[in-house]
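Chemist: My questions all concern the structure below.
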Amino acid sequence: MERTLVIVKPDGVQRALVGEIIKRFESRGLRIAGMKLMRISRETAEQHYAEHKGKGFYDGTVAYMTSAPVVVLCLEGPDAVAAVRATVGATNPLNAAAGTIRGDFGLNISRNLIHAADKPETAVRELALYFSEADMISYERAADKWLKE
Ligand code: CMP
């Protein structure tokens, strides 16, 4: 069982795509272990995107991520990081396959609707930026036994 971080970015919230985006993860079998609507502080955004500091898109990304509310999610499931990344699609929506969230709803790399942790170690680091341990709840759903052999 693995946990990962997803953020429905300001454009996803403003375009009223929160339900549609969460539905895709739930339909795939991932479980919501944590969820909240919040405004990201500048300090948290800078920590989150620290690896991109100095790149041309860094300032714009931090400004955009702090500009309006987002929905942060902790999703749980077997190989959750890889399953979520495949559901989200390529970073640039123009390269994202049809059927992925970015491929179906996005056109621009700077407004790509959603963030998802890229590997398990990143997921642990990023989840700690947005959730306390007490905010994340593991539980069994009745249907979980139908999602695996
Ligand atoms: P995200 O998955 O949140 O990770 C970094 C973000 O920076 C990315 O999605 C985009 O929203 C944004 N970004 C803007 N321009 C670029 C770029 N040229 N390359 C990578 N990320 C970019």
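Please note that chains go A, B, ... in the order of the structure tokens, that every chain numbers its residues from 1, and that ligands are numbered from 1 in the order shown.
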Give me, as a list in words, the set of residues whose atoms come within 7 Å of any atom of ligand 1, counting only C-alpha atoms and all ligand atoms.
Modeler: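 Listing the residues within 7 Å of ligand 1 gives Tyr49, Phe57, Tyr58, Thr61, Thr91, Ile109, Ser110, Arg111, Asn112, Ile114, His115 and Ala116 of chain A.
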Chemist: Put those residues in a file: all heavy atoms, as a JSON list (two decimals), in the first residue's frame.
Modeler:
[["chain", "number", "residue", "atom", "x", "y", "z"],
["A", 49, "TYR", "N", 8.33, 23.64, -4.51],
["A", 49, "TYR", "CA", 8.98, 23.74, -5.83],
["A", 49, "TYR", "C", 10.46, 24.10, -5.74],
["A", 49, "TYR", "O", 11.04, 24.59, -6.72],
["A", 49, "TYR", "CB", 8.22, 24.75, -6.70],
["A", 49, "TYR", "CG", 6.88, 24.19, -7.18],
["A", 49, "TYR", "CD1", 5.67, 24.70, -6.70],
["A", 49, "TYR", "CD2", 6.82, 23.15, -8.10],
["A", 49, "TYR", "CE1", 4.44, 24.17, -7.12],
["A", 49, "TYR", "CE2", 5.60, 22.63, -8.53],
["A", 49, "TYR", "CZ", 4.42, 23.15, -8.04],
["A", 49, "TYR", "OH", 3.23, 22.61, -8.46],
["A", 57, "PHE", "N", 10.40, 29.19, -15.15],
["A", 57, "PHE", "CA", 8.98, 29.10, -14.78],
["A", 57, "PHE", "C", 8.74, 29.13, -13.28],
["A", 57, "PHE", "O", 7.60, 29.11, -12.83],
["A", 57, "PHE", "CB", 8.35, 27.84, -15.39],
["A", 57, "PHE", "CG", 8.99, 26.53, -14.95],
["A", 57, "PHE", "CD1", 8.56, 25.90, -13.80],
["A", 57, "PHE", "CD2", 9.98, 25.94, -15.71],
["A", 57, "PHE", "CE1", 9.13, 24.69, -13.39],
["A", 57, "PHE", "CE2", 10.56, 24.73, -15.31],
["A", 57, "PHE", "CZ", 10.13, 24.10, -14.15],
["A", 58, "TYR", "N", 9.84, 29.19, -12.47],
["A", 58, "TYR", "CA", 9.69, 29.06, -11.01],
["A", 58, "TYR", "C", 8.82, 30.17, -10.41],
["A", 58, "TYR", "O", 7.84, 29.90, -9.72],
["A", 58, "TYR", "CB", 11.07, 29.04, -10.36],
["A", 58, "TYR", "CG", 11.03, 29.09, -8.85],
["A", 58, "TYR", "CD1", 10.77, 27.95, -8.10],
["A", 58, "TYR", "CD2", 11.25, 30.30, -8.17],
["A", 58, "TYR", "CE1", 10.73, 28.00, -6.70],
["A", 58, "TYR", "CE2", 11.21, 30.35, -6.78],
["A", 58, "TYR", "CZ", 10.95, 29.21, -6.06],
["A", 58, "TYR", "OH", 10.90, 29.26, -4.69],
["A", 61, "THR", "N", 5.20, 29.92, -11.41],
["A", 61, "THR", "CA", 4.52, 28.76, -10.82],
["A", 61, "THR", "C", 4.17, 29.02, -9.35],
["A", 61, "THR", "O", 3.05, 28.73, -8.91],
["A", 61, "THR", "CB", 5.43, 27.51, -10.95],
["A", 61, "THR", "OG1", 5.64, 27.24, -12.33],
["A", 61, "THR", "CG2", 4.78, 26.29, -10.31],
["A", 91, "THR", "N", 3.38, 16.18, -18.14],
["A", 91, "THR", "CA", 3.37, 17.52, -17.55],
["A", 91, "THR", "C", 2.78, 18.56, -18.49],
["A", 91, "THR", "O", 1.99, 19.41, -18.10],
["A", 91, "THR", "CB", 4.80, 17.94, -17.15],
["A", 91, "THR", "OG1", 5.33, 16.94, -16.27],
["A", 91, "THR", "CG2", 4.83, 19.29, -16.46],
["A", 109, "ILE", "N", 1.13, 24.22, -20.40],
["A", 109, "ILE", "CA", 1.96, 23.63, -19.34],
["A", 109, "ILE", "C", 1.87, 24.40, -18.03],
["A", 109, "ILE", "O", 2.01, 23.83, -16.95],
["A", 109, "ILE", "CB", 3.43, 23.47, -19.82],
["A", 109, "ILE", "CG1", 4.21, 22.57, -18.85],
["A", 109, "ILE", "CG2", 4.10, 24.83, -19.98],
["A", 109, "ILE", "CD1", 5.55, 22.11, -19.37],
["A", 110, "SER", "N", 1.63, 25.69, -18.10],
["A", 110, "SER", "CA", 1.54, 26.51, -16.89],
["A", 110, "SER", "C", 0.16, 26.47, -16.26],
["A", 110, "SER", "O", -0.06, 27.03, -15.17],
["A", 110, "SER", "CB", 1.91, 27.96, -17.19],
["A", 110, "SER", "OG", 3.25, 28.02, -17.61],
["A", 111, "ARG", "N", -0.78, 25.85, -16.92],
["A", 111, "ARG", "CA", -2.14, 25.69, -16.38],
["A", 111, "ARG", "C", -2.53, 24.23, -16.61],
["A", 111, "ARG", "O", -3.48, 23.93, -17.33],
["A", 111, "ARG", "CB", -3.12, 26.66, -17.08],
["A", 111, "ARG", "CG", -2.83, 28.13, -16.86],
["A", 111, "ARG", "CD", -3.07, 28.57, -15.40],
["A", 111, "ARG", "NE", -2.78, 30.00, -15.20],
["A", 111, "ARG", "CZ", -1.59, 30.49, -14.86],
["A", 111, "ARG", "NH1", -0.54, 29.67, -14.68],
["A", 111, "ARG", "NH2", -1.43, 31.78, -14.69],
["A", 112, "ASN", "N", -1.77, 23.35, -15.95],
["A", 112, "ASN", "CA", -1.94, 21.91, -16.21],
["A", 112, "ASN", "C", -2.79, 21.20, -15.17],
["A", 112, "ASN", "O", -2.72, 19.98, -15.01],
["A", 112, "ASN", "CB", -0.59, 21.22, -16.43],
["A", 112, "ASN", "CG", 0.31, 21.30, -15.22],
["A", 112, "ASN", "OD1", -0.04, 21.92, -14.21],
["A", 112, "ASN", "ND2", 1.47, 20.67, -15.30],
["A", 114, "ILE", "N", -3.29, 20.07, -12.34],
["A", 114, "ILE", "CA", -3.11, 19.11, -11.27],
["A", 114, "ILE", "C", -1.62, 18.86, -11.05],
["A", 114, "ILE", "O", -0.83, 18.92, -11.99],
["A", 114, "ILE", "CB", -3.87, 17.81, -11.65],
["A", 114, "ILE", "CG1", -3.90, 16.80, -10.54],
["A", 114, "ILE", "CG2", -3.37, 17.18, -12.92],
["A", 114, "ILE", "CD1", -4.94, 15.72, -10.77],
["A", 115, "HIS", "N", -1.26, 18.64, -9.81],
["A", 115, "HIS", "CA", 0.11, 18.22, -9.49],
["A", 115, "HIS", "C", 0.03, 16.83, -8.88],
["A", 115, "HIS", "O", -0.87, 16.54, -8.10],
["A", 115, "HIS", "CB", 0.77, 19.17, -8.49],
["A", 115, "HIS", "CG", 2.05, 18.62, -7.95],
["A", 115, "HIS", "ND1", 3.24, 18.71, -8.64],
["A", 115, "HIS", "CD2", 2.32, 17.91, -6.82],
["A", 115, "HIS", "CE1", 4.18, 18.09, -7.95],
["A", 115, "HIS", "NE2", 3.65, 17.60, -6.84],
["A", 116, "ALA", "N", 0.99, 15.97, -9.23],
["A", 116, "ALA", "CA", 1.07, 14.65, -8.60],
["A", 116, "ALA", "C", 2.53, 14.34, -8.32],
["A", 116, "ALA", "O", 3.40, 14.59, -9.17],
["A", 116, "ALA", "CB", 0.48, 13.59, -9.53]]
Chemist: Please list as a CSV table (one decimal) with C-alpha atoms, in the first residue's frame every residue within 12 Å of Ala142 in chain A, counting only C-alpha atoms and excluding residues in the same chain fewer than 5 positions away.
Modeler:
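Now in result-v3.csv:
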chain,number,residue,atom,x,y,z
A,29,GLY,CA,-9.8,2.2,-7.3
A,31,ARG,CA,-8.8,5.6,-1.9
A,147,LEU,CA,-9.8,-4.4,-6.7
Chemist: Let's see if you can do this: from backbone DSSP, list all helix (DSSP H, G or I) residues in chain A, as JSON, numbers by chain.
Modeler: {"A": [10, 11, 12, 13, 14, 18, 19, 20, 21, 22, 23, 24, 25, 26, 27, 28, 42, 43, 44, 45, 46, 47, 48, 50, 51, 52, 58, 59, 60, 61, 62, 63, 64, 65, 80, 81, 82, 83, 84, 85, 86, 87, 88, 93, 94, 95, 101, 102, 103, 104, 105, 120, 121, 122, 123, 124, 125, 126, 127, 128, 129, 130, 133, 134, 135, 142, 143, 144, 145, 146]}
Chemist: Which residues of range 10-65 of chain A come within 6 Å of range 73-79 of chain A, and what is each one's closest atom pair and distance in Å (one decimal), counting only C-alpha atoms, sorted by chain and residue number, as a tab-separated table?
Modeler:
residue	atom	partner	partner_atom	distance
A:Leu30	CA	A:Gly77	CA	5.2
A:Arg31	CA	A:Glu76	CA	5.1
A:Ile32	CA	A:Leu75	CA	4.8
A:Ala33	CA	A:Cys74	CA	5.3
A:Gly34	CA	A:Cys74	CA	4.6
A:Met35	CA	A:Leu73	CA	4.4
Chemist: Go through A:Arg28, A:Ile40, A:Pro69, A:Val124 one by one, measure the shortest atom-to-atom distance of each to Trp146 in chain A using only C-alpha atoms, and give the residue with the smallest value.
Modeler: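 Going through A:Arg28, A:Ile40, A:Pro69, A:Val124 one by one, the smallest distance to Trp146 in chain A is for A:Arg28.
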Chemist: Give me the residues near Leu37 in chain A as a PyMOL selection string, where near means some atom within 12 Å (using only C-alpha atoms) and where sequence neighbours in that chain fewer than 2 positions away do not count.
Modeler: chain A and resi 7-10+13+18+34-35+39-40+68-73+130-131
Chemist: With distances taken over only C-alpha atoms, which of A:Leu94, A:Met65, A:Ala82, A:Ala143 is nearest to Glu26 in chain A?
Modeler: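 Residue with the minimum atom-to-atom distance to Glu26 in chain A: A:Ala143.
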Chemist: Using only C-alpha atoms, determine which residues lie at most 10 Å from Ala86 in chain A, disregarding the query and same-chain residues fewer than 6 positions distant; provide the list as JSON, numbers by chain.
Modeler: {"A": [80, 96, 97, 99, 100, 101, 116]}
Chemist: Using DSSP on the backbone, list every residue of chain A that comes out as strand (DSSP E or B), and give them as a ChimeraX atom specification.
Modeler: /A:2-8,31-38,70-77,98,100,108,111,114-116
Chemist: Which residue out of A:Glu20, A:Ser27, A:Lys36, A:Thr44 has the minimum interatomic distance to Ala128 in chain A when only C-alpha atoms are used?
Modeler: A:Thr44
Chemist: For CA of Glu149 in chain A and CA of Thr4 in chain A, determine how far apart the two atoms are, in Å to one decimal place.
Modeler: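 The value is 22.4 Å.
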Chemist: Hey, which of A:Ala117, A:Ala50, A:Leu107, A:Ile21 ends up closest to Val6 in chain A? Count only C-alpha atoms.
Modeler: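 The closest residue to Val6 in chain A is A:Ala117.
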Chemist: Would you please work out which residue, of A:Val84, A:Met1, A:Met38, A:Ala90, is nearest to Asn108 in chain A when using only C-alpha atoms?
Modeler: A:Ala90
Chemist: Looking at A:Glu51, A:Glu133, A:Asp11, A:Glu2, which one is nearest to Ser67 in chain A, with distances taken over only C-alpha atoms?
Modeler: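 Ranking A:Glu51, A:Glu133, A:Asp11, A:Glu2 by distance to Ser67 in chain A, first place goes to A:Asp11.
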Chemist: What is the CA of Leu129 in chain A to CA of His48 in chain A distance in Å?
Modeler: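 So the two atoms, CA of Leu129 in chain A and CA of His48 in chain A, lie 7.4 Å apart.
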